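Dropping model16.csv in here (CSV, C-alpha atoms and all ligand atoms):
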```
chain,number,residue,atom,x,y,z
B,1,MET,CA,81.5,136.9,57.9
B,2,GLN,CA,85.1,135.6,58.0
B,3,ASN,CA,86.8,135.4,54.6
B,4,PHE,CA,88.6,132.2,53.9
B,5,ALA,CA,90.1,130.3,51.0
B,6,TYR,CA,88.5,127.0,50.1
B,7,VAL,CA,90.5,124.1,48.6
B,8,ARG,CA,89.0,120.8,47.7
B,9,ALA,CA,91.6,118.0,48.0
B,10,THR,CA,91.0,114.7,46.2
B,11,SER,CA,94.0,112.8,47.6
B,12,VAL,CA,95.9,112.7,50.9
B,13,ALA,CA,99.0,114.2,49.0
B,14,GLU,CA,96.9,117.1,47.8
B,15,ALA,CA,95.5,117.8,51.3
B,16,LEU,CA,99.0,117.7,52.8
B,17,ARG,CA,100.4,120.0,50.1
B,18,ALA,CA,97.6,122.5,50.7
B,19,ALA,CA,98.2,122.3,54.5
B,20,ALA,CA,101.9,122.9,54.1
B,21,ASN,CA,101.2,125.9,51.9
B,22,GLY,CA,101.0,129.2,53.8
B,23,SER,CA,100.2,129.5,57.4
B,24,ALA,CA,99.4,126.0,58.7
B,25,GLU,CA,98.2,127.5,62.0
B,26,ARG,CA,95.3,129.1,60.0
B,27,SER,CA,94.5,126.1,57.7
B,28,ARG,CA,91.9,123.6,58.8
B,29,PHE,CA,90.8,120.3,57.4
B,30,LEU,CA,87.1,120.2,56.7
B,31,ALA,CA,85.5,116.8,57.1
B,32,GLY,CA,81.8,116.7,58.0
B,33,GLY,CA,82.0,120.2,59.2
B,34,THR,CA,79.6,119.6,62.2
B,35,THR,CA,82.1,120.9,64.7
B,36,LEU,CA,84.2,123.2,62.5
B,37,VAL,CA,81.5,125.1,60.7
B,38,ASP,CA,79.5,125.4,63.9
B,39,LEU,CA,82.4,127.0,65.7
B,40,MET,CA,83.3,129.3,62.8
B,41,LYS,CA,79.8,130.6,62.8
B,42,LEU,CA,80.0,131.3,66.5
B,43,GLY,CA,83.3,133.2,66.0
B,44,VAL,CA,85.1,130.6,68.2
B,45,MET,CA,87.3,129.1,65.5
B,46,GLN,CA,88.9,130.9,62.6
B,47,ALA,CA,90.5,129.7,59.4
B,48,GLN,CA,92.2,131.5,56.5
B,49,GLN,CA,92.0,128.3,54.5
B,50,LEU,CA,89.6,125.4,54.6
B,51,ILE,CA,90.9,122.2,53.0
B,52,ASP,CA,87.9,120.1,52.2
B,53,ILE,CA,88.9,116.4,52.5
B,54,THR,CA,85.5,114.9,51.9
B,55,SER,CA,86.4,113.8,48.4
B,56,VAL,CA,89.5,111.9,49.5
B,57,SER,CA,88.1,108.4,48.8
B,58,GLU,CA,91.0,106.5,50.2
B,59,LEU,CA,90.0,107.7,53.7
B,60,GLN,CA,86.4,106.7,53.5
B,61,THR,CA,86.5,103.0,53.9
B,62,PHE,CA,86.7,100.8,57.0
B,63,THR,CA,87.2,97.1,57.7
B,64,THR,CA,86.2,95.1,60.7
B,65,THR,CA,86.9,91.6,59.4
B,66,ARG,CA,90.7,91.4,59.8
B,67,LYS,CA,92.0,89.0,62.4
B,68,THR,CA,94.5,91.4,63.8
B,69,GLU,CA,92.8,94.8,63.9
B,70,LEU,CA,89.8,96.9,63.0
B,71,VAL,CA,90.7,99.8,60.6
B,72,PHE,CA,88.6,102.9,60.3
B,73,GLY,CA,89.5,105.4,57.6
B,74,ALA,CA,89.3,108.9,59.1
B,75,LEU,CA,86.4,109.9,56.8
B,76,ALA,CA,84.2,106.9,57.5
B,77,LYS,CA,80.9,108.2,58.6
B,78,MET,CA,79.8,107.7,62.2
B,79,SER,CA,76.4,106.2,61.0
B,80,ASP,CA,78.1,103.7,58.6
B,81,VAL,CA,80.5,102.4,61.3
B,82,ALA,CA,77.7,102.2,63.9
B,83,ALA,CA,75.7,100.0,61.5
B,84,ASP,CA,78.4,97.5,60.8
B,85,PRO,CA,77.1,94.0,61.8
B,86,THR,CA,80.5,92.5,62.7
B,87,LEU,CA,81.2,95.5,65.0
B,88,LEU,CA,77.8,95.2,66.6
B,89,ARG,CA,78.4,91.5,67.4
B,90,GLN,CA,82.1,91.7,68.4
B,91,TYR,CA,82.6,95.3,69.8
B,92,PRO,CA,79.2,96.5,71.1
B,93,ALA,CA,81.0,99.3,73.1
B,94,LEU,CA,82.3,100.9,69.9
B,95,VAL,CA,78.9,100.7,68.3
B,96,GLU,CA,77.0,102.1,71.3
B,97,SER,CA,79.4,105.0,71.6
B,98,LEU,CA,78.6,106.0,68.1
B,99,GLN,CA,74.8,105.2,68.2
B,100,LYS,CA,74.4,107.3,71.4
B,101,ALA,CA,76.2,110.3,70.0
B,102,ALA,CA,74.5,113.4,68.5
B,103,SER,CA,71.5,112.7,66.2
B,104,GLU,CA,71.0,110.5,63.1
B,105,GLN,CA,71.4,113.6,60.8
B,106,LEU,CA,74.7,114.5,62.4
B,107,ARG,CA,76.0,111.0,62.4
B,108,ASN,CA,75.2,110.8,58.6
B,109,MET,CA,77.5,113.9,58.1
B,110,ALA,CA,80.1,113.5,60.7
B,111,THR,CA,83.3,111.4,60.3
B,112,VAL,CA,85.1,109.3,62.9
B,113,GLY,CA,88.3,111.3,62.4
B,114,GLY,CA,86.5,114.6,63.0
B,115,ASN,CA,84.7,113.1,65.9
B,116,LEU,CA,88.0,112.6,67.8
B,117,LEU,CA,88.9,116.2,67.3
B,118,GLN,CA,85.6,117.8,68.3
B,119,ARG,CA,86.1,120.6,70.8
B,120,THR,CA,84.7,121.1,74.3
B,121,ARG,CA,81.0,122.0,74.8
B,122,CYS,CA,81.9,124.3,77.7
B,123,GLU,CA,79.3,127.0,77.4
B,124,TYR,CA,81.8,129.7,78.1
B,125,PHE,CA,84.1,128.5,75.3
B,126,ARG,CA,81.2,128.7,72.8
B,127,ASP,CA,80.0,132.1,74.0
B,128,THR,CA,82.5,134.8,73.0
B,129,SER,CA,81.2,137.3,75.6
B,130,TYR,CA,82.8,135.3,78.4
B,131,PRO,CA,86.6,135.0,79.3
B,132,CYS,CA,88.0,131.6,78.2
B,133,ASN,CA,91.6,130.6,78.2
B,134,LYS,CA,90.9,127.9,75.6
B,135,ARG,CA,89.5,130.3,73.1
B,136,SER,CA,91.6,133.4,74.1
B,137,PRO,CA,94.8,132.3,75.9
B,138,GLY,CA,95.3,134.4,79.1
B,139,ALA,CA,91.7,135.7,79.2
B,140,GLY,CA,90.8,133.7,82.3
B,141,CYS,CA,88.3,130.9,82.9
B,142,ALA,CA,84.7,131.8,83.5
B,143,ALA,CA,83.9,128.2,84.5
B,144,LEU,CA,86.1,128.0,87.6
B,145,GLU,CA,83.6,130.1,89.5
B,146,GLY,CA,80.7,129.8,87.1
B,147,LEU,CA,78.2,127.0,86.1
B,148,ASN,CA,80.4,124.0,86.2
B,149,ARG,CA,78.0,121.1,86.4
B,150,GLY,CA,79.5,119.6,83.2
B,151,HIS,CA,83.1,120.3,83.9
B,152,ALA,CA,86.0,118.1,84.7
B,153,MET,CA,86.7,116.2,87.9
B,154,PHE,CA,89.8,114.7,86.4
B,155,GLY,CA,92.7,116.3,84.6
B,156,GLY,CA,91.7,120.0,85.0
B,157,SER,CA,94.1,122.8,85.7
B,158,SER,CA,93.8,126.3,87.1
B,159,ALA,CA,93.6,127.5,83.5
B,160,CYS,CA,90.8,125.2,82.3
B,161,ILE,CA,88.4,122.5,83.5
B,162,ALA,CA,86.6,121.8,80.3
B,163,THR,CA,85.6,118.2,79.6
B,164,TYR,CA,86.3,116.4,76.4
B,165,PRO,CA,82.8,115.8,75.1
B,166,GLY,CA,83.1,112.9,72.6
B,167,ASP,CA,81.9,109.4,73.1
B,168,PHE,CA,83.7,107.3,70.5
B,169,ALA,CA,87.2,108.3,71.8
B,170,VAL,CA,86.2,107.0,75.3
B,171,ALA,CA,85.3,103.6,73.8
B,172,LEU,CA,88.5,103.6,71.7
B,173,ALA,CA,90.6,104.4,74.8
B,174,ALA,CA,89.3,101.3,76.5
B,175,PHE,CA,90.6,99.2,73.6
B,176,ASP,CA,94.0,100.8,73.3
B,177,ALA,CA,93.3,102.2,69.8
B,178,LEU,CA,95.9,103.8,67.6
B,179,VAL,CA,95.7,106.9,65.4
B,180,ASP,CA,97.7,107.1,62.2
B,181,ALA,CA,98.6,110.6,61.1
B,182,VAL,CA,100.6,112.1,58.2
B,183,SER,CA,102.1,115.4,57.2
B,184,THR,CA,104.6,116.4,54.6
B,185,ARG,CA,107.3,115.5,57.3
B,186,GLY,CA,106.1,111.9,57.3
B,187,ALA,CA,103.8,109.5,59.1
B,188,ARG,CA,103.4,108.6,62.7
B,189,THR,CA,101.2,106.6,65.0
B,190,ILE,CA,99.8,108.0,68.2
B,191,ALA,CA,98.2,106.0,70.9
B,192,LEU,CA,94.6,107.3,71.3
B,193,ARG,CA,95.3,107.7,75.0
B,194,ASP,CA,98.0,110.2,74.1
B,195,LEU,CA,96.2,112.1,71.4
B,196,HIS,CA,94.3,114.5,73.7
B,197,ARG,CA,96.4,116.7,76.0
B,198,LEU,CA,95.8,117.8,79.6
B,199,PRO,CA,95.0,121.5,79.6
B,200,GLY,CA,97.9,122.6,81.9
B,201,ASP,CA,98.9,126.2,81.1
B,202,THR,CA,98.0,125.8,77.4
B,203,PRO,CA,94.4,124.7,77.2
B,204,GLN,CA,94.1,126.2,73.7
B,205,ILE,CA,96.0,123.2,72.4
B,206,ASP,CA,93.6,120.2,72.6
B,207,THR,CA,95.7,117.4,71.0
B,208,VAL,CA,99.3,116.5,70.2
B,209,LEU,CA,98.6,116.8,66.5
B,210,GLU,CA,100.4,119.5,64.6
B,211,PRO,CA,98.1,121.9,62.7
B,212,ASP,CA,99.1,120.4,59.4
B,213,GLU,CA,98.9,116.8,60.4
B,214,LEU,CA,96.0,114.8,58.9
B,215,ILE,CA,94.5,111.8,60.7
B,216,VAL,CA,94.3,109.1,58.1
B,217,ARG,CA,93.0,106.2,60.1
B,218,ILE,CA,92.1,104.8,63.5
B,219,ARG,CA,93.1,101.2,64.3
B,220,VAL,CA,91.9,99.0,67.1
B,221,PRO,CA,93.9,95.9,67.9
B,222,ALA,CA,91.6,92.8,67.7
B,223,THR,CA,90.8,91.6,71.2
B,224,PRO,CA,88.3,89.1,72.8
B,225,LEU,CA,87.5,91.9,75.3
B,226,GLY,CA,85.4,93.4,72.5
B,227,HIS,CA,82.6,91.0,72.8
B,228,ALA,CA,82.1,91.5,76.6
B,229,SER,CA,81.9,95.3,76.4
B,230,THR,CA,79.5,98.1,76.7
B,231,PHE,CA,79.3,101.9,76.5
B,232,GLN,CA,76.9,103.4,79.1
B,233,LYS,CA,76.0,107.0,78.7
B,234,ILE,CA,74.2,108.8,81.4
B,235,ARG,CA,72.7,112.1,80.2
B,236,ASP,CA,70.0,114.6,80.9
B,237,ARG,CA,67.7,113.2,78.2
B,238,GLU,CA,67.8,109.9,76.5
B,239,SER,CA,68.9,111.0,73.1
B,240,TYR,CA,70.7,114.0,71.5
B,241,ALA,CA,72.6,115.0,74.6
B,242,PHE,CA,76.2,115.0,75.6
B,243,ALA,CA,77.3,112.6,78.4
B,244,THR,CA,76.8,113.7,82.0
B,245,ILE,CA,79.0,110.6,82.7
B,246,SER,CA,79.9,107.8,80.3
B,247,CYS,CA,81.7,104.6,80.9
B,248,ALA,CA,83.2,102.2,78.4
B,249,ALA,CA,83.8,98.8,80.1
B,250,ALA,CA,85.1,95.6,78.8
B,251,VAL,CA,86.1,92.4,80.7
B,252,LEU,CA,87.6,89.0,80.0
B,253,VAL,CA,86.5,86.5,82.5
B,254,GLU,CA,88.0,83.0,82.5
B,255,ASN,CA,87.4,80.2,85.0
B,256,GLY,CA,85.3,82.5,87.1
B,257,VAL,CA,87.9,85.3,87.5
B,258,VAL,CA,88.8,88.5,85.6
B,259,ARG,CA,91.8,88.1,83.4
B,260,ASP,CA,91.6,91.6,81.8
B,261,ALA,CA,89.4,94.6,82.4
B,262,ARG,CA,89.1,98.0,80.8
B,263,ILE,CA,87.3,101.0,82.2
B,264,ALA,CA,87.3,104.4,80.4
B,265,LEU,CA,85.3,107.4,81.5
B,266,GLY,CA,83.8,110.3,79.6
B,267,GLY,CA,81.9,113.5,80.5
B,268,VAL,CA,84.0,113.9,83.7
B,269,ALA,CA,87.6,114.5,82.4
B,270,THR,CA,89.5,116.8,80.2
B,271,LYS,CA,90.4,113.8,78.0
B,272,PRO,CA,89.2,110.3,77.6
B,273,TRP,CA,90.1,108.9,81.0
B,274,ARG,CA,91.2,105.3,81.7
B,275,ALA,CA,90.6,104.2,85.3
B,276,LEU,CA,93.7,102.0,85.6
B,277,VAL,CA,93.7,101.4,89.4
B,278,ALA,CA,90.0,100.4,89.2
B,279,GLU,CA,90.9,98.0,86.3
B,280,ARG,CA,93.7,96.4,88.3
B,281,SER,CA,91.5,95.9,91.3
B,282,LEU,CA,89.4,93.4,89.3
B,283,LEU,CA,92.3,91.2,88.1
B,284,ASP,CA,92.2,87.6,89.4
B,285,GLU,CA,88.9,88.3,91.3
B,286,PRO,CA,85.4,87.1,90.5
B,287,LEU,CA,83.3,89.9,88.9
B,288,THR,CA,80.4,90.4,91.3
B,289,ARG,CA,78.3,93.4,92.2
B,290,GLU,CA,80.6,93.9,95.2
B,291,THR,CA,83.9,93.9,93.2
B,292,ALA,CA,82.3,96.0,90.5
B,293,GLU,CA,81.2,98.6,93.0
B,294,ARG,CA,84.6,98.6,94.6
B,295,ALA,CA,86.1,99.2,91.1
B,296,GLY,CA,83.6,102.1,90.7
B,297,ARG,CA,84.6,103.7,93.9
B,298,LEU,CA,88.3,103.4,93.0
B,299,ALA,CA,87.6,104.9,89.6
B,300,PHE,CA,86.4,108.1,91.4
B,301,ALA,CA,88.8,108.0,94.3
B,302,ASP,CA,91.0,110.7,92.9
B,303,ALA,CA,88.2,112.8,91.4
B,304,GLN,CA,88.1,116.5,92.3
B,305,PRO,CA,84.5,117.5,92.3
B,306,LEU,CA,83.5,121.1,91.6
B,307,LYS,CA,80.7,123.2,93.2
B,308,ALA,CA,78.0,122.0,90.8
B,309,ASN,CA,79.1,118.5,89.9
B,310,ALA,CA,79.7,116.8,93.3
B,311,PHE,CA,76.6,114.6,92.6
B,312,LYS,CA,78.8,112.6,90.2
B,313,MET,CA,80.7,111.2,93.1
B,314,SER,CA,77.9,108.8,93.7
B,315,LEU,CA,76.5,108.6,90.1
B,316,GLY,CA,80.0,107.9,88.7
B,317,PRO,CA,80.8,104.8,90.7
B,318,LYS,CA,77.3,103.3,90.1
B,319,THR,CA,77.8,103.9,86.4
B,320,VAL,CA,81.1,102.1,86.4
B,321,ALA,CA,79.7,99.1,88.4
B,322,THR,CA,76.6,98.8,86.2
B,323,SER,CA,78.8,99.0,83.1
B,324,LEU,CA,81.0,96.2,84.3
B,325,MET,CA,78.1,93.9,85.1
B,326,ILE,CA,76.5,94.5,81.7
B,327,ALA,CA,79.9,93.8,80.0
B,328,LYS,CA,80.2,90.6,82.1
B,329,GLU,CA,76.7,89.4,81.1
B,330,ARG,CA,77.4,89.9,77.4
B,331,GLY,CA,80.5,87.8,77.8
B,332,GLU,CA,78.4,84.9,79.1
B,333,LYS,CA,76.2,84.8,76.0
V,401,LIG,C1,74.2,119.4,68.2
V,401,LIG,C2,75.4,118.4,68.3
V,401,LIG,C3,75.3,117.3,69.2
V,401,LIG,C4,76.4,116.5,69.3
V,401,LIG,N1,76.3,115.4,70.2
V,401,LIG,C5,77.4,114.6,70.3
V,401,LIG,C6,77.4,113.5,71.2
V,401,LIG,O1,76.5,113.3,71.9
V,401,LIG,N2,78.5,112.7,71.3
V,401,LIG,C7,79.6,112.9,70.5
V,401,LIG,O2,80.6,112.2,70.5
V,401,LIG,N3,79.6,113.9,69.6
V,401,LIG,C8,78.6,114.8,69.5
V,401,LIG,N4,78.6,115.8,68.6
V,401,LIG,C9,79.8,116.1,67.9
V,401,LIG,C10,79.9,115.5,66.5
V,401,LIG,O3,79.9,114.1,66.7
V,401,LIG,C11,81.2,116.0,65.9
V,401,LIG,O4,80.9,117.4,65.6
V,401,LIG,C12,81.6,115.2,64.7
V,401,LIG,O5,81.9,113.9,65.0
V,401,LIG,C13,82.8,115.9,64.1
V,401,LIG,O6,83.1,115.2,62.8
V,401,LIG,P1,83.1,116.1,61.5
V,401,LIG,O7,83.5,115.1,60.4
V,401,LIG,O8,81.9,116.8,61.3
V,401,LIG,O9,84.3,117.0,61.8
V,401,LIG,P2,84.7,118.5,61.4
V,401,LIG,O10,83.7,119.5,62.0
V,401,LIG,O11,84.8,118.6,59.9
V,401,LIG,O12,86.1,118.7,62.0
V,401,LIG,C14,86.3,118.7,63.4
V,401,LIG,C15,87.7,119.2,63.7
V,401,LIG,O13,88.6,118.1,63.3
V,401,LIG,C16,89.5,118.5,62.2
V,401,LIG,N5,89.6,117.4,61.3
V,401,LIG,C17,88.5,116.7,60.8
V,401,LIG,N6,89.0,115.6,60.2
V,401,LIG,C18,90.3,115.6,60.3
V,401,LIG,C19,91.4,114.7,59.9
V,401,LIG,N7,91.1,113.6,59.2
V,401,LIG,N8,92.6,115.0,60.3
V,401,LIG,C20,92.9,116.1,61.0
V,401,LIG,N9,92.0,117.0,61.4
V,401,LIG,C21,90.7,116.7,61.1
V,401,LIG,C22,88.9,119.8,61.6
V,401,LIG,O14,89.8,120.7,61.1
V,401,LIG,C23,88.2,120.4,62.8
V,401,LIG,O15,89.1,121.1,63.6
V,401,LIG,C24,77.5,116.7,68.5
V,401,LIG,C25,77.6,117.7,67.6
V,401,LIG,C26,76.5,118.6,67.5
V,401,LIG,C27,76.6,119.8,66.5
V,402,LIG,S1,86.7,125.6,81.4
V,402,LIG,FE1,88.2,125.9,79.7
V,402,LIG,S2,86.9,126.1,77.9
V,402,LIG,FE2,85.6,126.5,79.7
V,402,LIG,S3,85.8,128.7,80.1
V,402,LIG,FE3,87.4,127.7,81.3
V,402,LIG,S4,89.1,127.9,79.9
V,402,LIG,FE4,87.3,128.1,78.7
```

As C-alpha cells, what does this structure read like?
Ligand SMILES: Cc1cc2nc3c(=O)[nH]c(=O)nc-3n(C[C@H](O)[C@H](O)[C@H](O)COP(=O)(O)OP(=O)(O)OC[C@H]3O[C@@H](n4cnc5c(N)ncnc54)[C@H](O)[C@@H]3O)c2cc1C
Ligand code: SF4
Amino acid sequence: MQNFAYVRATSVAEALRAAANGSAERSRFLAGGTTLVDLMKLGVMQAQQLIDITSVSELQTFTTTRKTELVFGALAKMSDVAADPTLLRQYPALVESLQKAASEQLRNMATVGGNLLQRTRCEYFRDTSYPCNKRSPGAGCAALEGLNRGHAMFGGSSACIATYPGDFAVALAAFDALVDAVSTRGARTIALRDLHRLPGDTPQIDTVLEPDELIVRIRVPATPLGHASTFQKIRDRESYAFATISCAAAVLVENGVVRDARIALGGVATKPWRALVAERSLLDEPLTRETAERAGRLAFADAQPLKANAFKMSLGPKTVATSLMIAKERGEK
C-alpha cells in the first residue's frame, strides 16, 4: 500500500493551488481514475498527493453546437460525448473513436482529458519485474528484443518503442484539435499534435505538460471534413481491446477531386501519428480505390517494422485505404 494525501478540489483554482503546494512531481490529478488507480495498484505510478478534480463542475460540460469550434471540458465523460447527436451526425470519427474504446463501464467513469493522458499498454511497462526505461529511466527496454507485436513502427527510439494506446487522441489529431491547459503560472494552448512527446532518450516523459498543469478543455475547430470522416479500429477482438491499428480519416471532395484529406494512425506509433505525405498525395486527385491504396502505401512507407509486427506492413495500408473510402462514402450522403 502506498500512502498518499487525498485532496478534493471543487474549482480549477483550488486544484491548481493544491498542485503548486509541495512537490508537483509527486502530485497527480485524479479524474475517472481508470488509468491512474490501475497503475498505482500495479506499483507502476506513484503519488504523494492525489488531487481529485471530479467535483470541478466547470470542466464537466461540452458543446458541439457552436459555429466555430467544438468544446469539450476535460471532465466530460467519454460516454456522454460519444452519445452526442450533433457529434454523431457531423463528426462520426470522433464518436467512433470513443465508442470503440474500452468498455461501457469504463467510458461511464473515464473523462476525455484523462483519456488523452493514458499511458502505454506495453506489457513490460505494466509488469514491474521487467526492465523498462519508461517506468525506471536507465533500466533498459525489455520490448526491444521481447514480445513486440503491439509496439511502434513510427517514432520509436533505442530507449523505448511503446505505442500510444488511446483512440480519441488519434481522431482529434486528424482534426487539428487544441488542448487548453492552466497552471499557477498562467494558461496556454497546445496543439494536440504536439501534446505527446517522442520517447527519445527520455521515454518516462509522455507529454509536454508540466506535472502541475491541468488540462481544462479540448477544442476542435469546426470543419466540413467532420461529416466525411471515420475511425476504423482493427483489433484482436471486436470489443474491449486496444487497437492493433487504427486510422482516423476525413476527406473533403469537391467537383470530383480531393480538396482536403486527413489521415491519423493509432496503435502503430509512439504518439498519435499524422500521415502527412499520404494526405498530400490525394490532393486535387479523384478519390478512388487506387488513389486510396497509394495513400495507404505512402502512410507506411517510412514504417520501421519490428520482429513481431511486420504483418502490419500489409494490414496498415489496407486499413488506411478502406478508411478513406468509408469517409468518402459518408461525404456523398
Ligand atoms: C481495461 C481497459 C481497457 C481500455 N481500453 C481502451 C481503449 O480501447 N481505447 C482507449 O482509448 N482507451 C482505453 N482505455 C483507457 C481509458 O480510456 C483511460 O483509462 C481513460 O480514458 C482515462 O481517463 P480517466 O478520467 O479515468 O483518467 P485518470 O485515470 O483519472 O487519469 C489519467 C492520467 O491523466 C491525468 N489527468 C487526468 N485528468 C487530467 C486533467 N484534466 N489535466 C491534467 N492531468 C489529468 C491523471 O493524473 C493521470 O496521470 C482502457 C482502460 C482500461 C482500464
Ligand atoms: S517499449 Fe518503452 S514502455 Fe515498453 S519496455 Fe521498452 S521502455 Fe518500457

(message) Need to verify the contact set: Leu16 in chain B, 9 Å, only C-alpha atoms, exclusion of same-chain residues closer than 5 positions in sequence. Can you return it as number ranges by chain?
(response) B: 9, 11, 21, 182-184, 212-214

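Restricting the calculation to only C-alpha atoms and all ligand atoms, the smallest distance between ligand LIG 401 (chain V) and any of B:Gly155, B:Pro199, B:Gly267, B:Gly186 is found for B:Gly267.
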
(request) Name all residues at most 8 Å from Cys122 in chain B (count only C-alpha atoms; drop same-chain ones fewer than 2 positions away) and give them as a PyMOL selection string. (result) chain B and resi 120+124-126+150-151+162-163

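Taking all atoms listed in the file into account, ligand LIG 402 (chain V) has within 8 Å the residues Thr120, Arg121, Cys122, Glu123, Tyr124, Phe125, Tyr130, Pro131, Cys132, Asn133, Lys134, Arg135, Gly140, Cys141, Ala142, Ala143, Leu144, His151, Ala159, Cys160, Ile161, Ala162, Thr163 and Pro203 of chain B.
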
(message) So that I can check the surroundings of Pro221 in chain B, please list as a PyMOL selection string every protein, DNA and RNA residue that reaches within 10 Å of it, counting only C-alpha atoms and ignoring chain neighbours fewer than 6 positions away.
(response) chain B and resi 66-71+175-178

(request) Counting all atoms listed in the file, select every polymer residue within 12 Å of (74.7, 115.1, 79.5) as defined in the file's coordinates, and provide the selection as a count of residues only. (result) 32

Which residues of chain B come within 7 Å of ligand LIG 401 (chain V), and what is each one's closest atom pair and distance in Å (one decimal), counting only C-alpha atoms and all ligand atoms, sorted by chain and residue number, as CSV?
```
residue,atom,partner,partner_atom,distance
B:Arg28,CA,V:LIG401,O14,4.3
B:Phe29,CA,V:LIG401,O14,3.9
B:Leu30,CA,V:LIG401,O11,4.3
B:Ala31,CA,V:LIG401,O11,3.4
B:Gly32,CA,V:LIG401,O8,3.3
B:Gly33,CA,V:LIG401,O11,3.3
B:Thr34,CA,V:LIG401,O8,3.7
B:Thr35,CA,V:LIG401,O10,3.4
B:Leu36,CA,V:LIG401,O10,3.8
B:Val37,CA,V:LIG401,O10,6.2
B:Asp38,CA,V:LIG401,C27,6.8
B:Ala74,CA,V:LIG401,N7,5.0
B:Leu75,CA,V:LIG401,N7,6.4
B:Leu98,CA,V:LIG401,O2,6.9
B:Lys100,CA,V:LIG401,O1,6.4
B:Ala101,CA,V:LIG401,O1,3.6
B:Ala102,CA,V:LIG401,N1,3.2
B:Ser103,CA,V:LIG401,C3,6.7
B:Leu106,CA,V:LIG401,C10,6.7
B:Arg107,CA,V:LIG401,O3,6.6
B:Met109,CA,V:LIG401,O8,6.2
B:Ala110,CA,V:LIG401,O7,3.8
B:Thr111,CA,V:LIG401,O7,3.7
B:Val112,CA,V:LIG401,O5,6.0
B:Gly113,CA,V:LIG401,N7,4.8
B:Gly114,CA,V:LIG401,O6,3.5
B:Asn115,CA,V:LIG401,O5,3.0
B:Leu116,CA,V:LIG401,O5,6.8
B:Leu117,CA,V:LIG401,O13,4.4
B:Gln118,CA,V:LIG401,C14,5.0
B:Pro165,CA,V:LIG401,O2,6.2
B:Gly166,CA,V:LIG401,O2,3.3
B:Asp167,CA,V:LIG401,O2,4.0
B:Phe168,CA,V:LIG401,O2,5.8
B:Glu213,CA,V:LIG401,C20,6.1
B:Leu214,CA,V:LIG401,N8,3.7
B:Ile215,CA,V:LIG401,N8,3.7
B:Val216,CA,V:LIG401,N7,5.6
B:Tyr240,CA,V:LIG401,O1,5.9
B:Ala241,CA,V:LIG401,O1,5.0
B:Phe242,CA,V:LIG401,O1,4.1
B:Ala243,CA,V:LIG401,O1,6.6
```

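All residues that come within 6 Å of the coordinates (85.3, 133.7, 71.4), counting only C-alpha atoms, are given as Gly43, Val44, Thr128 and Arg135 of chain B.
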
(request) Would you mind listing what lies within 7 Å of Gln99 in chain B as a ChimeraX atom specification, with all atoms listed in the file counted and same-chain residues fewer than 3 positions away left out? (result) /B:82,95-96

(request) Would you work out the distance separating CA of Arg217 in chain B from CA of Thr63 in chain B, expressed in Å to one decimal? (result) 11.1 Å

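For the pair CA of Ser229 in chain B and CA of Lys328 in chain B, the separation is 7.6 Å.
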
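The gap separating CA of Pro211 in chain B from CA of Lys271 in chain B is 18.9 Å, in Å to one decimal.
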
(message) Just checking: using only C-alpha atoms, which residue out of B:Ile190, B:Val277, B:Ala310, B:Val257 ends up closest to Arg297 in chain B?
(response) B:Val277

(request) Write out as a VMD selection string the residues lying within 10 Å of Met313 in chain B, counting all atoms listed in the file and excluding same-chain residues fewer than 3 positions away. (result) chain B and resid 153 296 to 297 299 to 301 303 to 305 309 to 310 316 to 318

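Taking all atoms listed in the file into account, Leu195 in chain B lies nearest to B:Pro272 out of the set B:Pro272, B:Gly138, B:Pro286, B:Gly146.
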
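Proximity ranking of B:Leu172, B:Val179, B:Thr270, B:Asp194 relative to Arg119 in chain B places B:Thr270 first, based on only C-alpha atoms.
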
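When only C-alpha atoms are used to compute distances to Gly226 in chain B, the closest of the residues B:Arg294, B:Arg17, B:Arg330, B:Lys307 turns out to be B:Arg330.
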
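Among B:Thr230, B:Thr65, B:Thr202, B:Thr54, the residue with the shortest atom-to-atom distance to Ala139 in chain B, counting only C-alpha atoms, is B:Thr202.
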